[in-house]
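Asks: Handing over target.cif, mmCIF, C-alpha atoms.
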```cif
data_query
loop_
_atom_site.label_atom_id
_atom_site.label_comp_id
_atom_site.auth_asym_id
_atom_site.auth_seq_id
_atom_site.Cartn_x
_atom_site.Cartn_y
_atom_site.Cartn_z
CA MET O 981 39.85 -2.24 6.48
CA ASN O 982 38.70 1.19 5.41
CA CYS O 983 35.50 2.98 6.34
CA ILE O 984 33.48 1.92 3.28
CA GLN O 985 34.40 -1.71 3.85
CA LYS O 986 33.22 -1.47 7.45
CA ILE O 987 29.90 0.08 6.41
CA SER O 988 29.48 -2.51 3.67
CA LEU O 989 30.19 -5.34 6.13
CA TYR O 990 27.66 -3.92 8.58
CA LEU O 991 25.00 -3.61 5.86
CA ALA O 992 25.72 -7.14 4.63
CA ASP O 993 24.00 -8.53 7.72
CA THR O 994 20.28 -8.24 6.94
CA SER O 995 19.37 -8.21 10.64
CA ASN O 996 21.09 -4.81 10.93
CA LEU O 997 18.86 -3.13 8.33
CA PRO O 998 15.80 -2.68 10.61
CA LYS O 999 18.05 -1.00 13.20
CA ILE O 1000 19.41 1.48 10.65
CA TYR O 1001 15.94 2.10 9.26
CA ALA O 1002 14.52 2.66 12.75
CA ALA O 1003 17.30 5.19 13.45
CA VAL O 1004 16.48 7.02 10.18
CA ILE O 1005 12.77 7.12 11.12
CA CYS O 1006 13.64 8.53 14.56
CA LEU O 1007 15.77 11.22 12.92
CA ILE O 1008 13.06 12.16 10.42
CA ALA O 1009 10.42 12.12 13.19
CA ALA O 1010 12.57 14.49 15.27
CA ILE O 1011 12.86 16.83 12.26
CA GLY O 1012 9.10 16.49 11.73
CA ILE O 1013 8.29 17.43 15.33
CA CYS O 1014 10.60 20.47 15.06
CA THR O 1015 8.78 21.69 11.92
CA VAL O 1016 5.26 21.38 13.39
CA PRO O 1017 5.11 25.13 14.33
CA PHE O 1018 5.83 26.02 10.68
CA LEU O 1019 2.96 23.94 9.30
CA THR O 1020 -0.26 25.83 8.69
CA TYR O 1021 -3.58 24.04 8.91
CA HIS O 1022 -5.75 24.42 5.85
CA GLY O 1023 -9.21 25.25 7.16
CA ASP O 1024 -11.14 24.41 3.99
CA GLN O 1025 -10.95 20.61 4.28
CA LEU O 1026 -12.73 17.96 2.24
CA TYR O 1027 -15.43 15.83 3.92
CA PRO O 1028 -15.95 18.18 6.90
CA LYS O 1029 -17.60 16.82 10.00
CA PRO O 1030 -18.61 18.92 13.03
CA ALA O 1031 -16.10 18.56 15.85
CA GLU O 1032 -18.87 18.42 18.44
CA GLN O 1033 -21.55 15.99 17.32
CA ASN O 1034 -24.95 15.91 18.96
CA MET O 1035 -26.24 12.89 20.83
CA SER O 1036 -27.17 11.10 17.62
CA PRO O 1037 -27.03 7.29 17.70
CA LEU O 1038 -24.95 7.44 14.51
CA THR O 1039 -22.09 9.37 16.17
CA PRO O 1040 -19.33 9.64 14.92
CA TYR O 1041 -20.67 8.77 11.45
CA ASP O 1042 -23.56 11.22 11.51
CA ARG O 1043 -23.12 13.51 8.52
CA GLY O 1044 -26.69 14.76 8.46
CA GLY O 1045 -29.44 14.22 5.88
CA VAL O 1046 -32.73 12.31 6.02
CA PRO O 1047 -32.77 8.78 4.51
CA PHE O 1048 -34.20 8.76 0.93
CA ILE O 1049 -35.47 12.34 1.28
CA GLU O 1050 -32.74 14.84 1.86
CA PRO O 1051 -29.06 14.31 1.01
CA ALA O 1052 -26.35 15.22 3.50
CA HIS O 1053 -24.04 18.07 2.60
CA ILE O 1054 -20.68 16.54 1.66
CA ALA O 1055 -17.73 18.50 0.22
CA ALA O 1056 -16.24 15.99 -2.20
CA GLN O 1057 -13.24 16.64 -4.44
CA TYR O 1058 -14.99 15.63 -7.65
CA PRO O 1059 -18.79 15.76 -7.06
CA GLU O 1060 -19.37 14.96 -10.75
CA ASN O 1061 -17.94 11.47 -10.15
CA SER O 1062 -20.38 10.74 -7.31
CA PRO O 1063 -23.97 11.20 -8.58
CA ALA O 1064 -25.54 9.84 -5.34
CA LEU O 1065 -23.45 12.12 -3.14
CA GLY O 1066 -25.05 12.70 0.23
CA TYR O 1067 -27.61 9.90 -0.06
CA VAL O 1068 -25.32 6.99 0.79
CA THR O 1069 -24.32 8.14 4.25
CA ALA O 1070 -27.90 8.35 5.45
CA TYR O 1071 -28.84 4.80 4.42
CA LEU O 1072 -29.53 2.23 7.17
CA THR O 1073 -30.58 -1.40 6.82
CA PRO O 1074 -33.81 -2.37 8.66
CA ALA O 1075 -31.77 -4.01 11.46
CA SER O 1076 -29.61 -0.91 11.85
CA TRP O 1077 -32.67 1.31 11.72
CA PHE O 1078 -34.14 -0.68 14.64
CA LEU O 1079 -30.87 -0.43 16.60
CA ALA O 1080 -30.54 3.29 15.89
CA ASN O 1081 -34.03 3.87 17.22
CA THR O 1082 -33.58 1.76 20.36
CA THR O 1083 -29.96 2.40 21.42
CA CYS O 1084 -27.61 5.38 21.35
CA TYR O 1085 -24.50 3.54 20.25
CA LEU O 1086 -25.01 2.32 16.67
CA GLY O 1087 -22.07 4.41 15.46
CA THR O 1088 -19.68 2.42 17.62
CA THR O 1089 -20.66 -0.87 15.95
CA ILE O 1090 -19.63 0.03 12.39
CA VAL O 1091 -17.28 -2.93 12.19
CA GLY O 1092 -19.38 -5.10 14.49
CA HIS O 1093 -22.34 -5.90 12.25
CA PRO O 1094 -22.60 -6.17 8.47
CA GLY O 1095 -24.78 -3.71 6.64
CA GLY O 1096 -24.58 -1.17 9.44
CA ILE O 1097 -23.88 2.44 8.67
CA LEU O 1098 -22.72 2.97 5.11
CA ASP O 1099 -20.37 5.88 5.54
CA GLU O 1100 -20.19 8.07 2.47
CA ILE O 1101 -16.45 8.57 2.64
CA LEU O 1102 -15.52 5.01 3.53
CA TYR O 1103 -17.67 3.25 0.96
CA TYR O 1104 -18.53 5.70 -1.78
CA THR O 1105 -16.38 8.76 -2.48
CA ARG O 1106 -13.19 7.07 -1.25
CA GLY O 1107 -14.36 3.50 -1.63
CA LEU O 1108 -11.20 2.35 -3.41
CA ASP O 1109 -9.17 3.13 -0.28
CA THR O 1110 -11.37 0.76 1.72
CA ILE O 1111 -10.93 -1.96 -0.91
CA VAL O 1112 -7.14 -1.63 -0.84
CA GLU O 1113 -7.08 -1.62 2.99
CA ALA O 1114 -9.17 -4.80 3.09
CA SER O 1115 -6.88 -6.36 0.45
CA ILE O 1116 -3.85 -5.67 2.64
CA PHE O 1117 -5.53 -7.57 5.49
CA PHE O 1118 -6.49 -10.45 3.20
CA VAL O 1119 -2.93 -10.80 1.92
CA ALA O 1120 -1.56 -10.73 5.48
CA PHE O 1121 -4.00 -13.50 6.46
CA ALA O 1122 -3.13 -15.48 3.31
CA ILE O 1123 0.59 -15.37 4.16
CA ALA O 1124 -0.01 -16.29 7.80
CA SER O 1125 -2.30 -19.22 6.88
CA PHE O 1126 0.15 -20.49 4.23
CA LEU O 1127 3.04 -20.47 6.75
CA TYR O 1128 0.85 -22.04 9.45
CA ARG O 1129 -0.32 -24.87 7.20
CA ARG O 1130 3.19 -25.54 5.97
CA ALA O 1131 4.50 -25.69 9.55
CA LYS O 1132 1.83 -28.34 10.25
CA GLN O 1133 2.98 -30.57 7.36
CA MET Q 495 5.28 15.14 -19.79
CA PHE Q 496 3.79 14.75 -16.30
CA GLU Q 497 0.79 17.00 -16.74
CA GLN Q 498 -0.82 15.52 -19.81
CA ARG Q 499 -3.38 12.89 -18.83
CA LEU Q 500 -3.97 10.28 -21.51
CA ILE Q 501 -6.63 8.10 -19.87
CA GLN Q 502 -8.75 8.76 -16.78
CA LEU Q 503 -10.62 6.20 -14.70
CA PRO Q 504 -12.56 7.82 -11.84
CA PHE Q 505 -13.48 5.92 -8.65
CA GLY Q 506 -15.32 8.70 -6.86
CA ASP Q 507 -12.72 11.11 -5.52
CA ILE Q 508 -9.84 8.81 -6.45
CA VAL Q 509 -9.11 9.31 -10.12
CA HIS Q 510 -6.74 6.84 -11.74
CA SER Q 511 -5.00 8.17 -14.79
CA LEU Q 512 -2.04 7.63 -17.06
CA SER Q 513 0.38 10.31 -18.19
CA GLY Q 514 3.06 10.06 -20.84
CA TYR Q 515 5.49 9.07 -18.11
CA THR Q 516 3.38 6.56 -16.20
CA VAL Q 517 2.13 4.81 -19.34
CA VAL Q 518 5.68 3.46 -19.81
CA LEU Q 519 5.77 2.22 -16.20
CA PHE Q 520 2.31 0.72 -16.68
CA ALA Q 521 3.38 -1.20 -19.79
CA PHE Q 522 6.45 -2.49 -17.93
CA ALA Q 523 4.34 -3.70 -14.98
CA VAL Q 524 1.78 -5.36 -17.28
CA MET Q 525 4.57 -7.17 -19.12
CA PHE Q 526 5.89 -8.65 -15.87
CA VAL Q 527 2.41 -9.66 -14.70
CA VAL Q 528 1.95 -11.56 -17.98
CA LEU Q 529 5.38 -13.16 -17.51
CA ALA Q 530 4.43 -14.26 -13.96
CA ILE Q 531 1.18 -15.76 -15.30
CA ILE Q 532 2.70 -17.76 -18.14
CA SER Q 533 6.11 -18.77 -16.73
CA LEU Q 534 6.86 -22.02 -14.95
CA PRO Q 535 9.20 -22.13 -11.94
CA GLU Q 536 12.89 -22.63 -12.54
CA LYS Q 537 14.39 -25.90 -11.40
CA PRO Q 538 17.90 -25.23 -10.10
CA VAL Q 539 20.53 -27.85 -10.91
CA ASP Q 540 23.37 -28.43 -8.41
CA ILE Q 541 26.49 -30.14 -9.69
CA VAL Q 542 28.29 -32.38 -7.20
CA PHE Q 543 31.80 -30.99 -6.89
CA GLY Q 544 34.56 -33.15 -8.37
CA THR Q 545 32.22 -35.65 -10.02
CA ASP Q 546 29.90 -35.86 -13.00
CA GLY Q 547 26.90 -36.16 -10.71
CA TYR Q 548 24.19 -33.53 -10.41
CA TYR Q 549 20.80 -33.23 -8.79
CA THR Q 550 17.76 -31.07 -9.50
CA LYS Q 551 15.54 -29.52 -6.87
CA GLU Q 552 11.82 -30.26 -7.05
CA ILE Q 553 9.49 -27.32 -6.48
CA PRO Q 554 6.35 -28.22 -4.52
CA VAL Q 555 3.16 -27.31 -6.40
CA ASP Q 556 1.63 -25.44 -3.44
CA LEU Q 557 4.74 -23.26 -3.07
CA MET Q 558 4.70 -22.51 -6.80
CA LYS Q 559 0.99 -21.60 -6.70
CA PHE Q 560 1.42 -19.35 -3.66
CA GLN Q 561 4.42 -17.51 -5.08
CA ARG Q 562 2.72 -17.08 -8.44
CA PHE Q 563 -0.40 -15.67 -6.76
CA MET Q 564 1.70 -13.27 -4.70
CA ALA Q 565 3.71 -12.19 -7.78
CA ILE Q 566 0.57 -11.52 -9.85
CA ALA Q 567 -1.07 -9.63 -6.95
CA CYS Q 568 2.13 -7.64 -6.48
CA GLY Q 569 2.10 -6.69 -10.18
CA ILE Q 570 -1.52 -5.55 -9.92
CA ALA Q 571 -0.74 -3.53 -6.77
CA THR Q 572 2.17 -1.95 -8.62
CA ILE Q 573 -0.18 -0.98 -11.46
CA GLY Q 574 -2.46 0.57 -8.82
CA ALA Q 575 0.40 2.59 -7.33
CA ILE Q 576 1.45 3.77 -10.80
CA THR Q 577 -1.98 4.89 -11.95
CA THR Q 578 -3.48 6.34 -8.77
CA GLY Q 579 -4.06 10.08 -8.59
CA ASP Q 580 -4.40 10.37 -4.83
CA VAL Q 581 -1.64 10.64 -2.23
CA PHE Q 582 -3.36 8.52 0.43
CA ASN Q 583 -4.30 5.86 -2.11
CA PHE Q 584 -0.67 5.78 -3.24
CA THR Q 585 0.54 5.16 0.34
CA LEU Q 586 -1.97 2.32 0.68
CA PHE Q 587 -0.74 0.71 -2.53
CA ALA Q 588 2.87 1.13 -1.32
CA ALA Q 589 2.00 -0.70 1.93
CA PHE Q 590 0.23 -3.35 -0.16
CA ILE Q 591 3.33 -3.88 -2.32
CA GLY Q 592 5.43 -4.22 0.86
CA ILE Q 593 3.28 -6.98 2.35
CA LEU Q 594 3.10 -8.83 -0.99
CA ASN Q 595 6.90 -8.73 -1.25
CA VAL Q 596 7.11 -10.26 2.22
CA GLY Q 597 4.76 -13.00 0.99
CA ILE Q 598 6.97 -13.80 -2.01
CA VAL Q 599 10.10 -13.97 0.17
CA ALA Q 600 8.47 -15.81 3.08
CA ALA Q 601 7.13 -18.63 0.89
CA VAL Q 602 10.61 -20.17 0.48
CA LYS Q 603 11.32 -22.87 3.08
CA ASN Q 604 14.87 -21.96 4.02
CA LYS Q 605 15.96 -20.56 7.39
CA PRO Q 606 18.19 -17.66 6.21
CA VAL Q 607 15.51 -16.61 3.71
CA LEU Q 608 12.79 -16.71 6.38
CA ASP Q 609 15.04 -14.71 8.74
CA ALA Q 610 15.47 -12.11 5.98
CA ALA Q 611 11.70 -12.06 5.39
CA PHE Q 612 11.09 -11.46 9.09
CA SER Q 613 13.59 -8.65 9.16
CA TYR Q 614 12.06 -7.10 6.03
CA GLY Q 615 8.62 -7.44 7.64
CA LEU Q 616 9.86 -5.31 10.55
CA VAL Q 617 11.04 -2.65 8.09
CA ILE Q 618 7.73 -2.48 6.20
CA MET Q 619 5.80 -2.23 9.47
CA MET Q 620 7.96 0.71 10.51
CA ALA Q 621 7.66 2.25 7.03
CA THR Q 622 3.87 2.55 7.27
CA VAL Q 623 4.25 5.18 10.02
CA PRO Q 624 6.12 7.83 7.94
CA LEU Q 625 4.08 6.92 4.82
CA PHE Q 626 0.72 7.66 6.41
CA ALA Q 627 2.16 10.56 8.40
CA GLY Q 628 3.31 12.14 5.12
CA ALA Q 629 -0.14 11.73 3.56
CA ALA Q 630 -1.79 13.11 6.72
CA ILE Q 631 0.44 16.21 6.73
CA ILE Q 632 -0.32 16.85 3.04
CA GLY Q 633 -4.06 16.46 3.77
CA ALA Q 634 -3.95 18.82 6.75
CA THR Q 635 -1.82 21.56 5.19
CA CYS Q 636 -3.13 21.52 1.61
CA GLY Q 637 -6.79 20.61 2.25
CA THR Q 638 -6.79 18.01 -0.52
CA LEU Q 639 -5.11 14.71 -1.32
CA SER Q 640 -5.69 14.65 -5.06
CA ILE Q 641 -2.39 14.96 -6.93
CA GLY Q 642 -4.15 16.64 -9.86
CA GLU Q 643 -5.68 19.32 -7.63
CA LEU Q 644 -2.41 19.92 -5.77
CA MET Q 645 -0.70 20.45 -9.11
CA LYS Q 646 -3.45 22.68 -10.54
CA ALA Q 647 -3.75 24.95 -7.51
CA GLY Q 648 0.03 25.38 -7.37
CA ILE Q 649 0.04 24.43 -3.68
CA HIS Q 650 3.35 23.07 -2.53
CA ALA Q 651 3.28 20.30 0.03
CA PRO Q 652 5.57 20.93 3.03
CA ILE Q 653 9.06 19.53 2.56
CA VAL Q 654 8.73 17.49 5.76
CA ALA Q 655 5.71 15.65 4.30
CA LYS Q 656 7.73 14.77 1.21
CA LEU Q 657 10.56 13.61 3.45
CA PHE Q 658 8.17 11.33 5.36
CA LEU Q 659 6.81 9.93 2.10
CA LEU Q 660 10.34 9.36 0.77
CA VAL Q 661 11.42 7.47 3.89
CA GLY Q 662 8.23 5.41 3.81
CA VAL Q 663 8.70 4.46 0.14
CA LEU Q 664 12.35 3.62 0.91
CA GLY Q 665 11.22 1.21 3.61
CA GLU Q 666 8.53 -0.42 1.48
CA GLY Q 667 10.91 -0.75 -1.44
CA MET Q 668 13.81 -2.14 0.57
CA ALA Q 669 13.10 -5.72 -0.55
CA PRO Q 670 15.89 -5.96 -3.18
CA PHE Q 671 18.40 -5.52 -0.34
CA TYR Q 672 17.07 -8.67 1.24
CA ILE Q 673 16.83 -10.53 -2.04
CA GLY Q 674 20.53 -10.03 -2.69
CA LYS Q 675 21.52 -10.96 0.84
CA ALA Q 676 19.25 -13.93 1.28
CA GLU Q 677 20.41 -15.38 -2.04
CA ILE Q 678 16.80 -16.06 -2.83
CA THR Q 679 17.57 -15.69 -6.52
CA ARG Q 680 19.12 -19.16 -6.34
CA SER Q 681 16.20 -20.55 -4.36
CA PRO Q 682 13.34 -22.49 -5.92
CA GLY Q 683 10.61 -20.47 -7.62
CA ALA Q 684 13.04 -18.08 -9.24
CA PRO Q 685 10.94 -16.29 -11.88
CA TYR Q 686 8.39 -14.96 -9.39
CA ILE Q 687 10.85 -13.11 -7.22
CA LEU Q 688 11.65 -10.86 -10.19
CA MET Q 689 8.40 -9.09 -9.33
CA ILE Q 690 10.00 -7.82 -6.09
CA HIS Q 691 12.64 -5.90 -8.04
CA VAL Q 692 10.10 -4.67 -10.60
CA SER Q 693 7.61 -3.46 -7.99
CA SER Q 694 10.27 -1.66 -5.91
CA LEU Q 695 11.74 0.02 -8.99
CA LEU Q 696 8.37 1.17 -10.33
CA LEU Q 697 7.29 2.36 -6.88
CA PHE Q 698 10.38 4.58 -6.69
CA LEU Q 699 9.84 5.94 -10.20
CA ARG Q 700 6.22 6.79 -9.41
CA ALA Q 701 7.24 8.38 -6.08
CA VAL Q 702 9.67 10.62 -7.99
CA GLU Q 703 6.80 11.86 -10.17
CA ILE Q 704 4.68 12.59 -7.09
CA PHE Q 705 7.52 14.46 -5.35
CA LEU Q 706 8.05 16.63 -8.42
CA MET Q 707 4.36 17.38 -8.86
CA VAL Q 708 3.07 18.11 -5.34
#
```
Can I see the file as structure tokens?

Replies:
Amino acid sequence: MNCIQKISLYLADTSNLPKIYAAVICLIAAIGICTVPFLTYHGDQLYPKPAEQNMSPLTPYDRGGVPFIEPAHIAAQYPENSPALGYVTAYLTPASWFLANTTCYLGTTIVGHPGGILDEILYYTRGLDTIVEASIFFVAFAIASFLYRRAKQ
Amino acid sequence: MFEQRLIQLPFGDIVHSLSGYTVVLFAFAVMFVVLAIISLPEKPVDIVFGTDGYYTKEIPVDLMKFQRFMAIACGIATIGAITTGDVFNFTLFAAFIGILNVGIVAAVKNKPVLDAAFSYGLVIMMATVPLFAGAAIIGATCGTLSIGELMKAGIHAPIVAKLFLLVGVLGEGMAPFYIGKAEITRSPGAPYILMIHVSSLLLFLRAVEIFLMV
């Protein structure tokens, strides 16, 4: 049995593929860590947010602006595609407005209550990303529920 | 061939577009989505060895519906990956294609096939790490994720980011390996699993365009 036959036999077992793939990822990650000193950070980033945010109840989603009056300053890639740029991020529903005025932690509940903070980047300028992410979750749940129901039958 | 944009569909900062190259991939994906919509599942016939007897396998309606849904969704996700003009959006669509492929494979009630689906699921979970790492490195070093802007400004993404993306796409598109091994092509619901091959192939072809452009 020559070398190619041995490799082919090893690859023929599908349970071996994750092991090989994990080894490849480890190798690439090691190369990646070694090249970190050669990577230069590009300072002029899109959607900048101050590293140190004040004690706003909207932290870490506070991008500035006054609701309905003054838009927040957002550096988008294509501002011409987002006519309401800067206004979305400052919008709060009445319930969220009440919470923001009474507690300091509204920003931590973004996934906890519907209609909370509408973050500009999550839901407007890069809204399609959020839709695809949610679709991935829905498909995962659909597969899990299909397998669960079939196991019950 | 890559640069010329024929159609543009902006979603805020994520601009979907078709070039002379991707329009061919798009047409191919659309054709297979239409095939998945209109085709009925194959009914395999097994001949009893040494006799004239044969038996056909019945495909349960719920299995057929689930596989067809997954195949159509996979085709649409493939169209998304082909047309997107944003590196991060592309990685999301690649992860989406991976999980839909797992769905198509996992629907078949057969132990070796389910074992293969589990093993493939492990691979796609691992593949998300280099995929998103690649997009993150491009974002941090180039300051933008838009493929059009990266091409226009003449900024070259670091080679390590491309390597991460390549390994990630390899993991997400590893499904045909499992298809061949699990002999799912002879399992019930045959026409829908074609989408696994189509999506993996088109994902690779689109990834090649991105590697050449950024």

Asks: Would you mind listing, for every residue of chain Q within 7 Å of chain O, the two atoms forming the shortest contact and the distance between them in Å to one decimal, using only C-alpha atoms, sorted by chain and ascending residue number, as a Markdown table?

Replies:
```
| residue | atom | partner | partner_atom | distance |
| --- | --- | --- | --- | --- |
| Q:Pro504 | CA | O:Asn1061 | CA | 6.7 |
| Q:Phe505 | CA | O:Leu1108 | CA | 6.7 |
| Q:Gly506 | CA | O:Thr1105 | CA | 4.5 |
| Q:Asp507 | CA | O:Thr1105 | CA | 5.3 |
| Q:Ile508 | CA | O:Arg1106 | CA | 6.4 |
| Q:Asn583 | CA | O:Asp1109 | CA | 5.9 |
| Q:Leu586 | CA | O:Val1112 | CA | 6.7 |
| Q:Phe590 | CA | O:Ile1116 | CA | 5.5 |
| Q:Ile593 | CA | O:Ala1120 | CA | 6.9 |
| Q:Leu594 | CA | O:Val1119 | CA | 7.0 |
| Q:Gly597 | CA | O:Ile1123 | CA | 5.7 |
| Q:Ala610 | CA | O:Thr994 | CA | 6.2 |
| Q:Ser613 | CA | O:Ser995 | CA | 6.0 |
| Q:Leu616 | CA | O:Pro998 | CA | 6.5 |
| Q:Val617 | CA | O:Pro998 | CA | 5.4 |
| Q:Ala634 | CA | O:Tyr1021 | CA | 5.7 |
| Q:Thr635 | CA | O:Tyr1021 | CA | 4.8 |
| Q:Cys636 | CA | O:His1022 | CA | 5.8 |
| Q:Gly637 | CA | O:Gln1025 | CA | 4.6 |
| Q:Thr638 | CA | O:Leu1026 | CA | 6.6 |
| Q:Val654 | CA | O:Gly1012 | CA | 6.1 |
| Q:Tyr672 | CA | O:Thr994 | CA | 6.6 |
| Q:Lys675 | CA | O:Thr994 | CA | 6.8 |
```

Asks: Would you write out those residues with C-alpha atoms, as a PDB file, in the coordinates of the input?

Replies:
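File out.pdb, as written:
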```pdb
ATOM      1  CA  PRO Q 504     -12.560   7.820 -11.840  1.00  0.00           C
ATOM      2  CA  PHE Q 505     -13.480   5.920  -8.650  1.00  0.00           C
ATOM      3  CA  GLY Q 506     -15.320   8.700  -6.860  1.00  0.00           C
ATOM      4  CA  ASP Q 507     -12.720  11.110  -5.520  1.00  0.00           C
ATOM      5  CA  ILE Q 508      -9.840   8.810  -6.450  1.00  0.00           C
ATOM      6  CA  ASN Q 583      -4.300   5.860  -2.110  1.00  0.00           C
ATOM      7  CA  LEU Q 586      -1.970   2.320   0.680  1.00  0.00           C
ATOM      8  CA  PHE Q 590       0.230  -3.350  -0.160  1.00  0.00           C
ATOM      9  CA  ILE Q 593       3.280  -6.980   2.350  1.00  0.00           C
ATOM     10  CA  LEU Q 594       3.100  -8.830  -0.990  1.00  0.00           C
ATOM     11  CA  GLY Q 597       4.760 -13.000   0.990  1.00  0.00           C
ATOM     12  CA  ALA Q 610      15.470 -12.110   5.980  1.00  0.00           C
ATOM     13  CA  SER Q 613      13.590  -8.650   9.160  1.00  0.00           C
ATOM     14  CA  LEU Q 616       9.860  -5.310  10.550  1.00  0.00           C
ATOM     15  CA  VAL Q 617      11.040  -2.650   8.090  1.00  0.00           C
ATOM     16  CA  ALA Q 634      -3.950  18.820   6.750  1.00  0.00           C
ATOM     17  CA  THR Q 635      -1.820  21.560   5.190  1.00  0.00           C
ATOM     18  CA  CYS Q 636      -3.130  21.520   1.610  1.00  0.00           C
ATOM     19  CA  GLY Q 637      -6.790  20.610   2.250  1.00  0.00           C
ATOM     20  CA  THR Q 638      -6.790  18.010  -0.520  1.00  0.00           C
ATOM     21  CA  VAL Q 654       8.730  17.490   5.760  1.00  0.00           C
ATOM     22  CA  TYR Q 672      17.070  -8.670   1.240  1.00  0.00           C
ATOM     23  CA  LYS Q 675      21.520 -10.960   0.840  1.00  0.00           C
TER      24      LYS Q 675
END
```

Asks: I'd like the contact shell of range 1044-1054 of chain O - 10 Å cut-off, only C-alpha atoms, skipping same-chain residues fewer than 6 positions apart - returned as a ChimeraX atom specification.

Replies: /O:1026-1029,1036,1038,1064-1072,1100-1101,1105

Asks: So which one's closest to Ser1125 in chain O, Q:Tyr549, Q:Tyr515, Q:Phe560, Q:Phe526? Using all atoms listed in the file, please.

Replies: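 When distances to Ser1125 in chain O are compared using all atoms listed in the file, the smallest one comes from Q:Phe560.
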
Asks: Residues near range 528-545 of chain Q, anyone? I mean within 12 Å using all atoms listed in the file, not counting same-chain ones fewer than 4 positions away, as a count of residues only.

Replies: 40

Asks: Any idea what the distance is between CA of Glu703 in chain Q and CA of Gly574 in chain Q?

Replies: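 Pair CA of Glu703 in chain Q / CA of Gly574 in chain Q returns 14.7 Å.
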
Asks: Between CA of Tyr614 in chain Q and CA of Met668 in chain Q, what is the distance in Å, rounded to a tenth?

Replies: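 CA of Met668 in chain Q lies at a distance of 7.6 Å from CA of Tyr614 in chain Q.
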
Asks: CA of Asp609 in chain Q and CA of Val663 in chain Q, how far apart in Å?

Replies: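 Computing the Euclidean distance for CA of Val663 in chain Q and CA of Asp609 in chain Q yields 21.9 Å.
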
Asks: Would you please work out which residue, of Q:Ile598, Q:Leu695, Q:Ala588, Q:Val581, is nearest to Lys656 in chain Q when using all atoms listed in the file?

Replies: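 Smallest distance to Lys656 in chain Q is found for Q:Val581.
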
Asks: Run through the PyMOL selection byres ((chain O and resi 1084) around 7) on the given coordinates and return the selected residues as a list in words.

Replies: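 Given this file, the PyMOL selection byres ((chain O and resi 1084) around 7) evaluates to Ser1036, Pro1037, Ala1080, Thr1083, Tyr1085 and Leu1086 of chain O.
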
Asks: Rank nothing, just name the residue among Q:Leu519, Q:Ile632, Q:Leu625, Q:Leu639 nearest to Leu660 in chain Q, using only C-alpha atoms.

Replies: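 Between Q:Leu519, Q:Ile632, Q:Leu625, Q:Leu639, the residue approaching Leu660 in chain Q most closely is Q:Leu625.
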
Asks: What box, with edges along x, y and z, holds each listed atom of range 1108-1121 of chain O when 5 Å is added on every side, and can you state its centre and edge lengths in Å to one decimal, as AutoDock Vina command-line options?

Replies:
```
--center_x -6.5 --center_y -5.2 --center_z 1.5 --size_x 19.8 --size_y 26.6 --size_z 19.9
```

Asks: Which residue out of Q:Ala629, Q:Met619, Q:Ile576, Q:Leu657 has the minimum interatomic distance to Phe698 in chain Q when only C-alpha atoms are used?

Replies: Q:Ile576

Asks: For a quick check of understanding, using only C-alpha atoms, which of Q:His691, Q:Lys646, Q:Lys603, Q:Arg700 has the smallest distance to Ala669 in chain Q?

Replies: Q:His691

Asks: Nearest to Ala571 in chain Q: which of Q:Tyr548, Q:Phe671, Q:Phe705, Q:Phe520 is it, counting only C-alpha atoms?

Replies: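 Comparing Q:Tyr548, Q:Phe671, Q:Phe705, Q:Phe520 against Ala571 in chain Q, the winner is Q:Phe520.
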